[in-house]
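S.K.: Sharing a structure with you now.
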Amino acid sequence: MMQPIYINNVASIHPESNDCNQPYLIASEPDYKTIITDATLRRRMSRIVKMGVACGLECIAQTAPEDIHAIITSTGLGCLADTEKFMNAIIDNKERMLNPTAFIQSTFNTIGAQIALIRQIHAYNVTYVHRGLSFESALLDGILKIGEGNSNVLVGAIDEITPVAYTIQKRLGLLKETQAGEGAQFFLLSSEKNGKTLGEVKGLETFVRPDSIEEIKDKILAFLERNNLTNHDIDWFISGKNGNRQQDAIYAYLENSLFSEAEHITFKNQCGEYHTASSYGLWKVITTFSEETNSARYALIYNHYQTINHSLILIRRI
């Protein structure tokens, strides 16, 4: 059993409507001027950097810089627009006289670094890029940092979709029967709960390429047993259904075989499919838990990316 890990604040920038003129879901962005007040700095930021930095700053707006002991970010594909811009410049300029700005801003750790610079947070700062387990890797590191004695850890996930990235993923068959999406979610983890605590992370597990659905079922049961629970204790089963019939069959089997008594909830119909979409699933659970009318106690988030990367996140309502 790990020590209690509380979520004391959250922030999210995500799609809020489905624009029929777009083949993928686009995040509804806030007025960045009110969050990133430095106009010069804001102009230099690409869209995903502004989205991630603004979301992270919102999450720790009420927390003093010295009280943040780590900033841990995650992304599946990183700053795509900046990468495309730099690659196009290489082609257009025939590999000569290149402006390095787009390359510098396209690195995966840009967002975490910018949050630290803006708030002057001199602490552990790392970014995870682990495909479909990027967010889970960051969350695990945050849990370990709390276990080491740190009080507050900022954990976040950011991914964007561009027309070029959408076309490439479509050609590769990664979006068959699936709508792509994007978003940014940040969570303030703490070792102590307070009056604003939204929930508790009770467990986290990841695994790769299981041999069968039965193996997935066994892993879930073993995971719950390690947390002194059974499948009957789960009030909400949150699955990463994305519309692909073959991939969704795994979720349907578990809903019928293990969690027939639980309420079944999905989230990718709202945020779309992307590498760190499970962070939106966690945000949805945590924000819904805060509603007084909700009586659920335990929620299990199960997600897989392309049936390769699988993750389990167990949340308890406070």
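The chains in the structure tokens are called A, B, ... from first to last as shown; in each chain the residues are counted from 1, and the ligands are counted from 1 in the order shown.
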Could you pull out the strand (DSSP E) residues of stretch 157-219 of chain A, going by DSSP on the backbone, and write them as number ranges by chain?

M.R.: A: 157-159, 183-190, 199-208

S.K.: So the first atom is atom CA of A:Tyr251 and the second is atom CA of A:Glu200; what is the distance between them in Å, to one decimal place?

M.R.: 24.0 Å

S.K.: Just list as a CSV table (one decimal) with C-alpha atoms, in the first residue's frame whatever in stretch 48-239 of chain A DSSP marks as helix (DSSP H, G or I).

M.R.:
```csv
chain,number,residue,atom,x,y,z
A,48,ILE,CA,0.6,24.0,-27.5
A,49,VAL,CA,3.1,25.8,-25.3
A,50,LYS,CA,0.6,28.5,-24.5
A,51,MET,CA,-2.1,25.9,-23.8
A,52,GLY,CA,0.2,23.8,-21.5
A,53,VAL,CA,1.7,26.8,-19.7
A,54,ALA,CA,-1.6,28.4,-19.1
A,55,CYS,CA,-3.1,25.2,-17.8
A,56,GLY,CA,-0.2,24.6,-15.5
A,57,LEU,CA,-0.2,28.1,-14.1
A,58,GLU,CA,-4.0,27.9,-13.5
A,59,CYS,CA,-3.5,24.7,-11.5
A,65,PRO,CA,6.4,28.9,-5.8
A,66,GLU,CA,8.5,27.6,-2.8
A,67,ASP,CA,5.7,25.1,-2.0
A,80,LEU,CA,4.0,19.3,-33.4
A,81,ALA,CA,3.4,22.7,-35.0
A,82,ASP,CA,6.9,23.9,-34.1
A,83,THR,CA,8.5,20.7,-35.3
A,84,GLU,CA,6.6,21.0,-38.6
A,85,LYS,CA,7.7,24.6,-38.9
A,86,PHE,CA,11.4,23.7,-38.4
A,87,MET,CA,11.2,20.8,-40.8
A,88,ASN,CA,9.6,23.0,-43.5
A,89,ALA,CA,12.4,25.6,-42.9
A,90,ILE,CA,15.0,22.9,-43.6
A,91,ILE,CA,13.4,22.1,-46.9
A,92,ASP,CA,12.7,25.7,-48.0
A,101,THR,CA,14.0,29.2,-32.6
A,102,ALA,CA,11.4,26.8,-33.9
A,103,PHE,CA,13.7,23.8,-33.0
A,104,ILE,CA,14.4,25.2,-29.5
A,105,GLN,CA,10.7,25.7,-28.8
A,110,THR,CA,9.5,23.4,-23.1
A,111,ILE,CA,6.2,23.6,-21.2
A,112,GLY,CA,7.6,22.4,-17.9
A,113,ALA,CA,10.5,24.8,-18.2
A,114,GLN,CA,8.4,27.8,-19.0
A,115,ILE,CA,6.1,27.2,-16.0
A,116,ALA,CA,9.2,27.0,-13.8
A,117,LEU,CA,10.6,30.2,-15.3
A,118,ILE,CA,7.4,32.2,-15.0
A,119,ARG,CA,6.7,31.2,-11.4
A,131,ARG,CA,3.8,6.9,-26.1
A,132,GLY,CA,0.4,5.9,-24.8
A,133,LEU,CA,1.8,5.7,-21.2
A,134,SER,CA,3.3,9.2,-21.1
A,135,PHE,CA,0.8,10.6,-18.6
A,136,GLU,CA,0.9,7.5,-16.4
A,137,SER,CA,4.7,7.7,-16.3
A,138,ALA,CA,4.5,11.3,-15.1
A,139,LEU,CA,1.8,10.4,-12.6
A,140,LEU,CA,3.9,7.6,-11.2
A,141,ASP,CA,6.9,9.8,-10.9
A,142,GLY,CA,4.7,12.3,-9.0
A,143,ILE,CA,3.6,9.6,-6.7
A,144,LEU,CA,7.2,8.6,-6.0
A,145,LYS,CA,8.2,12.2,-5.3
A,146,ILE,CA,5.4,12.5,-2.7
A,147,GLY,CA,6.7,9.2,-1.3
A,163,PRO,CA,-3.7,19.0,-40.0
A,164,VAL,CA,-0.4,17.4,-41.0
A,165,ALA,CA,-0.4,15.1,-37.9
A,166,TYR,CA,-4.0,14.2,-38.5
A,167,THR,CA,-3.3,13.3,-42.1
A,168,ILE,CA,-0.3,11.1,-41.2
A,169,GLN,CA,-2.1,9.3,-38.4
A,170,LYS,CA,-5.1,8.7,-40.8
A,171,ARG,CA,-2.8,7.2,-43.4
A,213,ILE,CA,-8.3,-10.3,-22.8
A,214,GLU,CA,-8.2,-12.9,-20.0
A,215,GLU,CA,-4.8,-11.7,-19.0
A,216,ILE,CA,-6.1,-8.1,-18.8
A,217,LYS,CA,-8.9,-9.3,-16.6
A,218,ASP,CA,-6.5,-11.1,-14.3
A,219,LYS,CA,-4.2,-8.0,-14.1
A,220,ILE,CA,-7.2,-5.9,-13.1
A,221,LEU,CA,-8.3,-8.3,-10.4
A,222,ALA,CA,-4.8,-8.6,-9.0
A,223,PHE,CA,-4.5,-4.8,-9.0
A,224,LEU,CA,-7.7,-4.4,-7.1
A,225,GLU,CA,-6.7,-7.1,-4.6
A,226,ARG,CA,-3.4,-5.3,-3.9
A,231,ASN,CA,-14.4,-5.6,-8.7
A,232,HIS,CA,-17.7,-5.3,-6.7
A,233,ASP,CA,-16.2,-2.3,-4.9
```

S.K.: Hey, which of A:Ser12, A:Thr162, A:Ser151, A:Ser295 ends up closest to A:Ala70? Count only C-alpha atoms.

M.R.: A:Ser151
